[in-house]
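Here is the structure we will look at.
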Amino acid sequence: MFFLKSLKFKLLFSYLLVILFSFSLATFFLNKRLEANSLHELKNSLTSQALLIESRLSSVNLSQANAAGLETLVKELTPRIKARITIIDMAGNVLAESERPFSDTLKMENHAQRPEVKEALNGVTGENIRYSSTLKMKMLYLAIPIKLANAITGVVRLAMPLDSVERMLFGVRKIIYLNMFFASILVFVLGFIFTSGIVNPLNKIIYLSRKFSVGDFNHRIYHPAKDEIGELADTLNKMAQSLEEKISEVKLKSQQLEAVFQSMIEGIIVVDKQSRIISMNPSIKSIFDIRSDSSFGKPVIEIIRNNELAEIVKSVLNSGQAVSRELTLLWPVEKVFQVNAAPVIEKGTCSACLLVIHDISEIRKLENMRRDFVANVSHELKTPLTSIKGFVETLLEGALEDKENSRNFLKIVQDHANRLDNLISDLLKLSYLESKGALLKKQDVDLSKLTKEVLVGFTSQIRNKNIEVENSLPEALIAQADADKIEQVLINLIDNAIKFNKERGLVKVYSQDMGDKIKIIVEDSGVGILPRDISRIFERFYRVDKARSRSLGGTGLGLSIVKHIIELHAGNTGVESTEGLGSAFWFTLPK
Ligand code: ADP
């Protein structure tokens, strides 16, 4: 069935059709022409022969009485005339007949009604072609009147079989048909070769075009001939090459985009017109703690249950306008986000929405912390300054004369000034630690020796409170650290352990081996810390009991400084405590 629809068949069929049509047309017209010519020739020859006979008969008595005479005359003419001769009188009776014996002649039926005879009796040459039942063949009849002094006396009719004409026409037709047959075979063979020359390269082109259409550009069409097919092959080859280049360019770009998409810290979601998720990057999964891999195709509200976000998506999809908004999420995580939603415009309409979600919780937290810090610092500075101002004013207003009190007042002013000094030096230490300039001068530090030296500095406080100190650090406990900074850590922790301890309390310093790290624990038997305070104890200015801390000369920055120094050493800090029983502050350092 396919062959019937193929170009090869159509071309071959059309060639054959042209040959058949032209031969048939030629046969038809040639046949007609030859037939007409032969008839014309035949008629001319019959007419001249009839005229010859008519000239012989014009003076002869044409009556049945003279039939025998006429018969003799006709028989005499027969060898010269190559036709059947019939002599008919005015009444239509046959008087003589060249191909019938005389005895039959007068018995023949009347010929007056024969078309050619009728015309001849009317004075004109009559002719007719018809099938002779007598001779069982097609005959040409020609009759002319026999005239004597312009009066018609009878009719001479000549008849000739047409089979010679037909035979000649048949012969011609046979030659034409034979030619047609051979021409058809030739056309078929040549057509097959010629159409194969067109169709085969076309089939090759179709085969390779199919390969191109599925993205296989490794092939090229080879057709060196400089014809239209060669041009088509050239164009297709060029097209394949440029497509290959374009596709690899697009692939590269999409890979680059994908890499950016995958590695972006910002969460990205693309949703379609129905708010269903088309794609999302890994960041979005970690931001919203999305565990399932089957989020694709689901409505965004199902994955991130936030009405505000769903509203943003809806508004962008409906209006085609970008929206930028900050929103706070309580579920599945409590966070603050900056959401930028942009429409994806395709053919003039908004077909999708691109959401870029930036987690700004940390920024907000830091902002809050900075704000709190400024407020705290101002407050911490303001309190001693107000006191100093108050006492100085009192002294100036006359208290200076009161020797006893003025000394006390100046002592208080000195305490506050010391507090301010402590506060500012702690703040400077903190800001130095926070700045990138805090480079560690790492060296082998003997922690046991360092602790002993620090404890010596606390001798008077220890004695005043009757504290028992137990330094169980093994000899030559070496850590890779900045000695000055670790000394600061030990000072702050031991200071707290003494400050927040009871009379006759205990302070223990000991260590634990943690593999590649050393854990140092400073334990006391003091007031302890409530669990709710433990999480905030390392924050700047966080104090469980502000008044108490202040009265003990604390700034609320000690533990903060400890944490910063230990973090600079890539170590950890922590505390375990039971209220009323004591606390154990610890830090780790690399060996
Ligand atoms: P401060 O200058 O007040 O000591 P820190 O940052 O060193 O500031 O300590 C913060 C707070 O932590 C203290 O005010 C105190 O409430 C609590 N704290 C610190 N160390 C101890 C401890 N060993 N026992 C009980 N509470 C402590």
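Labels used: A, B, ... for chains in the order of the structure tokens, numbers from 1 for residues in each chain, and numbers from 1 for ligands as shown.
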Ligand 1: which residues are within 9 Å, counting only C-alpha atoms and all ligand atoms, as a PyMOL selection string?
chain A and resi 492-501+522-530+533-534+536-550+552-562+577+579+582-585
Export C-alpha atoms of the chosen residues as an mmCIF file, in the first residue's frame?
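Listing of selection_8.cif after writing:
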data_model
loop_
_atom_site.group_PDB
_atom_site.id
_atom_site.type_symbol
_atom_site.label_atom_id
_atom_site.label_comp_id
_atom_site.auth_asym_id
_atom_site.auth_seq_id
_atom_site.Cartn_x
_atom_site.Cartn_y
_atom_site.Cartn_z
ATOM 1 C CA ASN A 492 36.804 34.886 84.242
ATOM 2 C CA LEU A 493 35.661 31.355 85.171
ATOM 3 C CA ILE A 494 37.551 31.146 88.473
ATOM 4 C CA ASP A 495 36.419 34.701 89.316
ATOM 5 C CA ASN A 496 32.776 33.640 88.830
ATOM 6 C CA ALA A 497 33.340 30.368 90.723
ATOM 7 C CA ILE A 498 34.558 32.374 93.704
ATOM 8 C CA LYS A 499 32.083 35.269 93.347
ATOM 9 C CA PHE A 500 28.982 33.073 93.138
ATOM 10 C CA ASN A 501 30.210 30.618 95.762
ATOM 11 C CA VAL A 522 35.849 24.766 86.654
ATOM 12 C CA GLU A 523 33.373 23.536 89.244
ATOM 13 C CA ASP A 524 32.027 25.386 92.251
ATOM 14 C CA SER A 525 29.645 24.678 95.088
ATOM 15 C CA GLY A 526 27.896 28.005 94.710
ATOM 16 C CA VAL A 527 24.393 29.287 94.033
ATOM 17 C CA GLY A 528 23.946 27.386 90.799
ATOM 18 C CA ILE A 529 21.895 28.488 87.789
ATOM 19 C CA LEU A 530 18.275 27.772 86.885
ATOM 20 C CA ASP A 533 18.926 30.906 82.486
ATOM 21 C CA ILE A 534 21.489 28.369 81.345
ATOM 22 C CA ARG A 536 21.290 32.609 77.877
ATOM 23 C CA ILE A 537 24.156 32.731 80.355
ATOM 24 C CA PHE A 538 26.813 33.268 77.615
ATOM 25 C CA GLU A 539 24.924 36.244 76.108
ATOM 26 C CA ARG A 540 26.403 39.683 76.584
ATOM 27 C CA PHE A 541 25.113 41.516 79.659
ATOM 28 C CA TYR A 542 22.994 38.551 80.687
ATOM 29 C CA ARG A 543 23.023 38.211 84.432
ATOM 30 C CA VAL A 544 20.781 36.097 86.580
ATOM 31 C CA ASP A 545 20.771 38.635 89.385
ATOM 32 C CA LYS A 546 21.797 42.073 88.100
ATOM 33 C CA ALA A 547 22.147 43.792 91.495
ATOM 34 C CA ARG A 548 24.175 40.945 92.915
ATOM 35 C CA SER A 549 26.461 40.769 89.913
ATOM 36 C CA ARG A 550 26.970 44.541 90.022
ATOM 37 C CA LEU A 552 30.287 41.829 93.061
ATOM 38 C CA GLY A 553 31.876 44.082 90.442
ATOM 39 C CA GLY A 554 30.616 42.052 87.449
ATOM 40 C CA THR A 555 30.017 43.554 84.031
ATOM 41 C CA GLY A 556 27.927 40.713 82.567
ATOM 42 C CA LEU A 557 30.509 40.330 79.788
ATOM 43 C CA GLY A 558 32.852 37.759 81.369
ATOM 44 C CA LEU A 559 31.230 34.604 79.968
ATOM 45 C CA SER A 560 30.740 36.295 76.615
ATOM 46 C CA ILE A 561 34.478 36.918 76.423
ATOM 47 C CA VAL A 562 35.122 33.270 77.434
ATOM 48 C CA SER A 577 24.406 23.362 86.985
ATOM 49 C CA GLU A 579 20.399 25.429 91.571
ATOM 50 C CA GLY A 582 26.766 24.650 92.264
ATOM 51 C CA SER A 583 27.849 24.869 88.635
ATOM 52 C CA ALA A 584 30.461 23.326 86.408
ATOM 53 C CA PHE A 585 31.650 25.534 83.539
#
Residues of range 485-588 of chain A within 9 Å of range 445-456 of chain A: nearest atom pair and distance (Å, one decimal) for each, counting only C-alpha atoms, sorted by chain and number, as JSON lines?
{"residue": "A:Ile486", "atom": "CA", "partner": "A:Leu450", "partner_atom": "CA", "distance": 8.5}
{"residue": "A:Glu487", "atom": "CA", "partner": "A:Leu450", "partner_atom": "CA", "distance": 6.7}
{"residue": "A:Gln488", "atom": "CA", "partner": "A:Val454", "partner_atom": "CA", "distance": 9.0}
{"residue": "A:Leu490", "atom": "CA", "partner": "A:Thr451", "partner_atom": "CA", "distance": 6.9}
{"residue": "A:Ile491", "atom": "CA", "partner": "A:Val454", "partner_atom": "CA", "distance": 6.3}
{"residue": "A:Ile494", "atom": "CA", "partner": "A:Leu455", "partner_atom": "CA", "distance": 7.8}
{"residue": "A:Val509", "atom": "CA", "partner": "A:Thr451", "partner_atom": "CA", "distance": 8.3}
{"residue": "A:Ile520", "atom": "CA", "partner": "A:Leu447", "partner_atom": "CA", "distance": 8.9}
Rank A:Ser196, A:Ser294, A:Ser184, A:Ser431 by their smallest atom-to-atom distance to Phe9 in chain A, using only C-alpha atoms, and report the top residue only.
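Closest to Phe9 in chain A of all the choices is A:Ser196.
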Based on the backbone DSSP call, show me all residues of range 477-560 of chain A assigned helix (DSSP H, G or I), as an mmCIF file with all heavy atoms, in the first residue's frame.
data_model
loop_
_atom_site.group_PDB
_atom_site.id
_atom_site.type_symbol
_atom_site.label_atom_id
_atom_site.label_comp_id
_atom_site.auth_asym_id
_atom_site.auth_seq_id
_atom_site.Cartn_x
_atom_site.Cartn_y
_atom_site.Cartn_z
ATOM 1 N N ALA A 483 48.270 31.765 75.061
ATOM 2 C CA ALA A 483 48.397 31.749 76.526
ATOM 3 C C ALA A 483 47.653 32.912 77.185
ATOM 4 O O ALA A 483 46.890 32.701 78.141
ATOM 5 C CB ALA A 483 49.873 31.773 76.908
ATOM 6 N N ASP A 484 47.836 34.149 76.660
ATOM 7 C CA ASP A 484 47.204 35.326 77.273
ATOM 8 C C ASP A 484 45.692 35.181 77.282
ATOM 9 O O ASP A 484 45.019 35.505 78.261
ATOM 10 C CB ASP A 484 47.576 36.600 76.508
ATOM 11 C CG ASP A 484 49.049 36.938 76.721
ATOM 12 O OD1 ASP A 484 49.641 36.341 77.641
ATOM 13 O OD2 ASP A 484 49.569 37.766 75.939
ATOM 14 N N LYS A 485 45.151 34.675 76.174
ATOM 15 C CA LYS A 485 43.684 34.601 76.052
ATOM 16 C C LYS A 485 43.134 33.498 76.937
ATOM 17 O O LYS A 485 42.087 33.650 77.562
ATOM 18 C CB LYS A 485 43.283 34.390 74.588
ATOM 19 C CG LYS A 485 43.648 35.612 73.746
ATOM 20 C CD LYS A 485 42.930 35.686 72.451
ATOM 21 C CE LYS A 485 43.159 37.021 71.769
ATOM 22 N NZ LYS A 485 44.562 37.268 71.356
ATOM 23 N N ILE A 486 43.842 32.359 77.022
ATOM 24 C CA ILE A 486 43.370 31.267 77.877
ATOM 25 C C ILE A 486 43.470 31.685 79.351
ATOM 26 O O ILE A 486 42.614 31.351 80.173
ATOM 27 C CB ILE A 486 44.167 29.973 77.600
ATOM 28 C CG1 ILE A 486 43.932 29.521 76.148
ATOM 29 C CG2 ILE A 486 43.774 28.846 78.571
ATOM 30 C CD1 ILE A 486 42.474 29.281 75.767
ATOM 31 N N GLU A 487 44.466 32.505 79.641
ATOM 32 C CA GLU A 487 44.592 33.037 81.004
ATOM 33 C C GLU A 487 43.348 33.873 81.323
ATOM 34 O O GLU A 487 42.745 33.745 82.403
ATOM 35 C CB GLU A 487 45.860 33.892 81.117
ATOM 36 C CG GLU A 487 46.117 34.355 82.543
ATOM 37 C CD GLU A 487 47.328 35.267 82.656
ATOM 38 O OE1 GLU A 487 47.977 35.569 81.634
ATOM 39 O OE2 GLU A 487 47.605 35.693 83.782
ATOM 40 N N GLN A 488 42.905 34.675 80.365
ATOM 41 C CA GLN A 488 41.695 35.493 80.529
ATOM 42 C C GLN A 488 40.471 34.609 80.790
ATOM 43 O O GLN A 488 39.640 34.893 81.650
ATOM 44 C CB GLN A 488 41.483 36.337 79.265
ATOM 45 C CG GLN A 488 40.303 37.288 79.323
ATOM 46 C CD GLN A 488 40.527 38.398 80.338
ATOM 47 O OE1 GLN A 488 41.478 39.150 80.267
ATOM 48 N NE2 GLN A 488 39.642 38.470 81.336
ATOM 49 N N VAL A 489 40.396 33.468 80.061
ATOM 50 C CA VAL A 489 39.283 32.526 80.228
ATOM 51 C C VAL A 489 39.285 31.980 81.655
ATOM 52 O O VAL A 489 38.258 31.973 82.343
ATOM 53 C CB VAL A 489 39.391 31.368 79.200
ATOM 54 C CG1 VAL A 489 38.426 30.239 79.532
ATOM 55 C CG2 VAL A 489 39.125 31.877 77.781
ATOM 56 N N LEU A 490 40.446 31.516 82.086
ATOM 57 C CA LEU A 490 40.556 30.943 83.430
ATOM 58 C C LEU A 490 40.235 31.993 84.495
ATOM 59 O O LEU A 490 39.524 31.704 85.469
ATOM 60 C CB LEU A 490 41.959 30.365 83.650
ATOM 61 C CG LEU A 490 42.247 29.065 82.866
ATOM 62 C CD1 LEU A 490 43.723 28.733 82.874
ATOM 63 C CD2 LEU A 490 41.432 27.910 83.442
ATOM 64 N N ILE A 491 40.714 33.234 84.285
ATOM 65 C CA ILE A 491 40.437 34.314 85.243
ATOM 66 C C ILE A 491 38.928 34.507 85.364
ATOM 67 O O ILE A 491 38.366 34.514 86.467
ATOM 68 C CB ILE A 491 41.138 35.634 84.814
ATOM 69 C CG1 ILE A 491 42.656 35.519 85.000
ATOM 70 C CG2 ILE A 491 40.599 36.831 85.608
ATOM 71 C CD1 ILE A 491 43.468 36.684 84.436
ATOM 72 N N ASN A 492 38.251 34.625 84.220
ATOM 73 C CA ASN A 492 36.804 34.886 84.242
ATOM 74 C C ASN A 492 36.039 33.756 84.924
ATOM 75 O O ASN A 492 35.146 33.997 85.738
ATOM 76 C CB ASN A 492 36.262 35.077 82.822
ATOM 77 C CG ASN A 492 36.708 36.405 82.223
ATOM 78 O OD1 ASN A 492 37.478 37.133 82.837
ATOM 79 N ND2 ASN A 492 36.220 36.721 81.035
ATOM 80 N N LEU A 493 36.402 32.492 84.605
ATOM 81 C CA LEU A 493 35.661 31.355 85.171
ATOM 82 C C LEU A 493 35.940 31.189 86.664
ATOM 83 O O LEU A 493 35.008 30.967 87.448
ATOM 84 C CB LEU A 493 35.994 30.059 84.410
ATOM 85 C CG LEU A 493 35.515 29.990 82.964
ATOM 86 C CD1 LEU A 493 35.900 28.659 82.334
ATOM 87 C CD2 LEU A 493 33.985 30.166 82.865
ATOM 88 N N ILE A 494 37.203 31.315 87.042
ATOM 89 C CA ILE A 494 37.551 31.146 88.473
ATOM 90 C C ILE A 494 36.967 32.317 89.277
ATOM 91 O O ILE A 494 36.440 32.117 90.379
ATOM 92 C CB ILE A 494 39.079 30.996 88.648
ATOM 93 C CG1 ILE A 494 39.523 29.669 88.022
ATOM 94 C CG2 ILE A 494 39.492 31.061 90.125
ATOM 95 C CD1 ILE A 494 41.018 29.460 87.903
ATOM 96 N N ASP A 495 37.002 33.525 88.659
ATOM 97 C CA ASP A 495 36.419 34.701 89.316
ATOM 98 C C ASP A 495 34.940 34.457 89.619
ATOM 99 O O ASP A 495 34.478 34.665 90.752
ATOM 100 C CB ASP A 495 36.590 35.913 88.396
ATOM 101 C CG ASP A 495 36.065 37.186 89.024
ATOM 102 O OD1 ASP A 495 36.210 37.328 90.248
ATOM 103 O OD2 ASP A 495 35.485 38.025 88.293
ATOM 104 N N ASN A 496 34.198 33.942 88.623
ATOM 105 C CA ASN A 496 32.776 33.640 88.830
ATOM 106 C C ASN A 496 32.584 32.553 89.879
ATOM 107 O O ASN A 496 31.696 32.630 90.720
ATOM 108 C CB ASN A 496 32.117 33.182 87.527
ATOM 109 C CG ASN A 496 31.833 34.347 86.602
ATOM 110 O OD1 ASN A 496 31.869 35.504 87.031
ATOM 111 N ND2 ASN A 496 31.541 34.059 85.341
ATOM 112 N N ALA A 497 33.461 31.498 89.793
ATOM 113 C CA ALA A 497 33.340 30.368 90.723
ATOM 114 C C ALA A 497 33.534 30.830 92.166
ATOM 115 O O ALA A 497 32.901 30.280 93.074
ATOM 116 C CB ALA A 497 34.355 29.300 90.358
ATOM 117 N N ILE A 498 34.360 31.850 92.351
ATOM 118 C CA ILE A 498 34.558 32.374 93.704
ATOM 119 C C ILE A 498 33.404 33.329 94.054
ATOM 120 O O ILE A 498 32.792 33.245 95.122
ATOM 121 C CB ILE A 498 35.926 33.079 93.819
ATOM 122 C CG1 ILE A 498 37.050 32.060 93.573
ATOM 123 C CG2 ILE A 498 36.095 33.745 95.182
ATOM 124 C CD1 ILE A 498 38.438 32.663 93.380
ATOM 125 N N LYS A 499 33.109 34.238 93.099
ATOM 126 C CA LYS A 499 32.083 35.269 93.347
ATOM 127 C C LYS A 499 30.737 34.670 93.702
ATOM 128 O O LYS A 499 30.045 35.135 94.615
ATOM 129 C CB LYS A 499 31.908 36.124 92.078
ATOM 130 C CG LYS A 499 32.821 37.326 92.039
ATOM 131 C CD LYS A 499 32.401 38.325 90.958
ATOM 132 C CE LYS A 499 32.156 37.745 89.612
ATOM 133 N NZ LYS A 499 32.021 38.711 88.552
ATOM 134 N N PRO A 531 17.710 26.206 85.086
ATOM 135 C CA PRO A 531 17.775 25.731 83.689
ATOM 136 C C PRO A 531 17.365 26.806 82.680
ATOM 137 O O PRO A 531 17.943 26.894 81.597
ATOM 138 C CB PRO A 531 16.804 24.559 83.677
ATOM 139 C CG PRO A 531 16.741 24.094 85.081
ATOM 140 C CD PRO A 531 16.967 25.284 85.951
ATOM 141 N N ARG A 532 16.320 27.619 83.009
ATOM 142 C CA ARG A 532 15.869 28.634 82.027
ATOM 143 C C ARG A 532 16.950 29.688 81.749
ATOM 144 O O ARG A 532 16.959 30.315 80.697
ATOM 145 C CB ARG A 532 14.570 29.289 82.467
ATOM 146 C CG ARG A 532 14.697 30.183 83.676
ATOM 147 C CD ARG A 532 13.368 30.823 84.013
ATOM 148 N NE ARG A 532 13.239 31.015 85.445
ATOM 149 C CZ ARG A 532 13.595 32.150 86.059
ATOM 150 N NH1 ARG A 532 14.076 33.162 85.382
ATOM 151 N NH2 ARG A 532 13.461 32.257 87.364
ATOM 152 N N ASP A 533 17.877 29.904 82.693
ATOM 153 C CA ASP A 533 18.926 30.906 82.486
ATOM 154 C C ASP A 533 20.144 30.335 81.765
ATOM 155 O O ASP A 533 20.917 31.075 81.159
ATOM 156 C CB ASP A 533 19.376 31.487 83.837
ATOM 157 C CG ASP A 533 18.265 32.278 84.505
ATOM 158 O OD1 ASP A 533 17.626 33.071 83.781
ATOM 159 O OD2 ASP A 533 18.026 32.082 85.708
ATOM 160 N N ILE A 534 20.268 28.998 81.890
ATOM 161 C CA ILE A 534 21.489 28.369 81.345
ATOM 162 C C ILE A 534 21.703 28.691 79.863
ATOM 163 O O ILE A 534 22.799 29.038 79.442
ATOM 164 C CB ILE A 534 21.458 26.837 81.594
ATOM 165 C CG1 ILE A 534 21.855 26.582 83.053
ATOM 166 C CG2 ILE A 534 22.411 26.099 80.653
ATOM 167 C CD1 ILE A 534 21.951 25.149 83.464
ATOM 168 N N LYS A 546 21.024 40.907 88.537
ATOM 169 C CA LYS A 546 21.797 42.073 88.100
ATOM 170 C C LYS A 546 22.464 42.774 89.272
ATOM 171 O O LYS A 546 23.662 43.083 89.246
ATOM 172 C CB LYS A 546 20.876 43.050 87.362
ATOM 173 C CG LYS A 546 20.794 42.718 85.900
ATOM 174 C CD LYS A 546 20.279 43.890 85.126
ATOM 175 C CE LYS A 546 20.409 43.529 83.707
ATOM 176 N NZ LYS A 546 19.638 43.483 82.742
ATOM 177 N N ALA A 547 21.661 43.027 90.340
ATOM 178 C CA ALA A 547 22.147 43.792 91.495
ATOM 179 C C ALA A 547 23.327 43.068 92.149
ATOM 180 O O ALA A 547 24.360 43.668 92.431
ATOM 181 C CB ALA A 547 21.013 43.967 92.481
ATOM 182 N N ARG A 548 23.135 41.739 92.265
ATOM 183 C CA ARG A 548 24.175 40.945 92.915
ATOM 184 C C ARG A 548 25.465 40.963 92.105
ATOM 185 O O ARG A 548 26.556 41.167 92.640
ATOM 186 C CB ARG A 548 23.675 39.507 93.079
ATOM 187 C CG ARG A 548 24.674 38.645 93.782
ATOM 188 C CD ARG A 548 24.076 37.316 94.056
ATOM 189 N NE ARG A 548 25.051 36.469 94.724
ATOM 190 C CZ ARG A 548 24.796 35.273 95.159
ATOM 191 N NH1 ARG A 548 23.573 34.788 95.022
ATOM 192 N NH2 ARG A 548 25.718 34.551 95.732
ATOM 193 N N SER A 549 25.303 40.782 90.788
ATOM 194 C CA SER A 549 26.461 40.769 89.913
ATOM 195 C C SER A 549 27.201 42.100 90.009
ATOM 196 O O SER A 549 28.422 42.148 90.113
ATOM 197 C CB SER A 549 26.014 40.511 88.481
ATOM 198 O OG SER A 549 26.993 40.924 87.595
ATOM 199 N N ARG A 550 26.374 43.205 89.988
ATOM 200 C CA ARG A 550 26.970 44.541 90.022
ATOM 201 C C ARG A 550 27.735 44.739 91.343
ATOM 202 O O ARG A 550 28.851 45.229 91.344
ATOM 203 C CB ARG A 550 25.874 45.584 89.870
ATOM 204 C CG ARG A 550 26.198 46.540 88.746
ATOM 205 C CD ARG A 550 25.081 47.500 88.514
ATOM 206 N NE ARG A 550 24.316 47.142 87.331
ATOM 207 C CZ ARG A 550 23.013 47.265 87.214
ATOM 208 N NH1 ARG A 550 22.313 47.676 88.249
ATOM 209 N NH2 ARG A 550 22.430 46.961 86.104
ATOM 210 N N SER A 551 27.063 44.317 92.437
ATOM 211 C CA SER A 551 27.696 44.516 93.745
ATOM 212 C C SER A 551 28.998 43.711 93.841
ATOM 213 O O SER A 551 29.898 44.065 94.583
ATOM 214 C CB SER A 551 26.730 44.119 94.863
ATOM 215 O OG SER A 551 26.562 42.728 94.838
ATOM 216 N N GLY A 558 31.809 38.765 81.132
ATOM 217 C CA GLY A 558 32.852 37.759 81.369
ATOM 218 C C GLY A 558 32.667 36.484 80.572
ATOM 219 O O GLY A 558 33.582 36.054 79.844
ATOM 220 N N LEU A 559 31.472 35.880 80.667
ATOM 221 C CA LEU A 559 31.230 34.604 79.968
ATOM 222 C C LEU A 559 31.212 34.791 78.452
ATOM 223 O O LEU A 559 31.598 33.904 77.698
ATOM 224 C CB LEU A 559 29.920 33.978 80.446
ATOM 225 C CG LEU A 559 29.965 33.400 81.878
ATOM 226 C CD1 LEU A 559 28.615 32.828 82.261
ATOM 227 C CD2 LEU A 559 31.026 32.314 81.991
ATOM 228 N N SER A 560 30.746 35.971 78.040
ATOM 229 C CA SER A 560 30.740 36.295 76.615
ATOM 230 C C SER A 560 32.168 36.283 76.073
ATOM 231 O O SER A 560 32.428 35.743 74.991
ATOM 232 C CB SER A 560 30.145 37.690 76.451
ATOM 233 O OG SER A 560 29.269 37.708 75.425
#
Distance criterion (only C-alpha atoms): nearest to Lys136 in chain A out of A:Ala342, A:Leu208, A:Leu162, A:Leu589
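Closest residue, counting only C-alpha atoms: A:Leu162.
Among the candidate residues A:Ala183, A:Lys211, A:Lys107, A:Leu243, the one lying nearest to Val18 in chain A is A:Ala183, with distances computed using only C-alpha atoms.
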Which of range 279-458 of chain A end up as strand (DSSP E) when DSSP is run on this backbone - answer as an MDAnalysis selection string?
chainID A and resid 279:280 323:329 335:346 349:359 443:446
Can I get the residues of range 291-395 of chain A within 7 Å of range 264-269 of chain A, each with the closest pair of atoms and their distance in Å to one decimal, using only C-alpha atoms, sorted chain first then ascending number, as CSV?
residue,atom,partner,partner_atom,distance
A:Leu354,CA,A:Ile269,CA,6.0
A:Leu355,CA,A:Ile269,CA,5.1
A:Val356,CA,A:Ile268,CA,4.7
A:Ile357,CA,A:Gly267,CA,4.8
A:His358,CA,A:Glu266,CA,4.9
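In terms of minimum interatomic distance to Ile53 in chain A, A:Arg157 ranks closest within A:Lys403, A:Lys32, A:Arg157, A:Lys508, counting only C-alpha atoms.
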Near-Asn150 in chain A list (12 Å; only C-alpha atoms; drop same-chain fewer than 6 positions) as a ChimeraX atom specification:
/A:58-59,123
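As for CA of His219 in chain A and CA of Val199 in chain A, they are spaced 19.4 Å apart.
Residues with any atom within 8 Å of range 165-182 of chain A, counting only C-alpha atoms and excluding same-chain neighbours fewer than 5 positions away, are A:Ile19, A:Leu20, A:Phe23, A:Thr27, A:Asn31, A:Leu34, A:Glu35, A:Ser38, A:Leu39.
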Tell me which protein, DNA and RNA residues are within 6 Å of range 410-421 of chain A, counting only C-alpha atoms, leaving out same-chain ones fewer than 3 positions away, and put them as a list in words.
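Result of the neighbour search: Pro384, Ile388, Arg407 and Ile424 of chain A.
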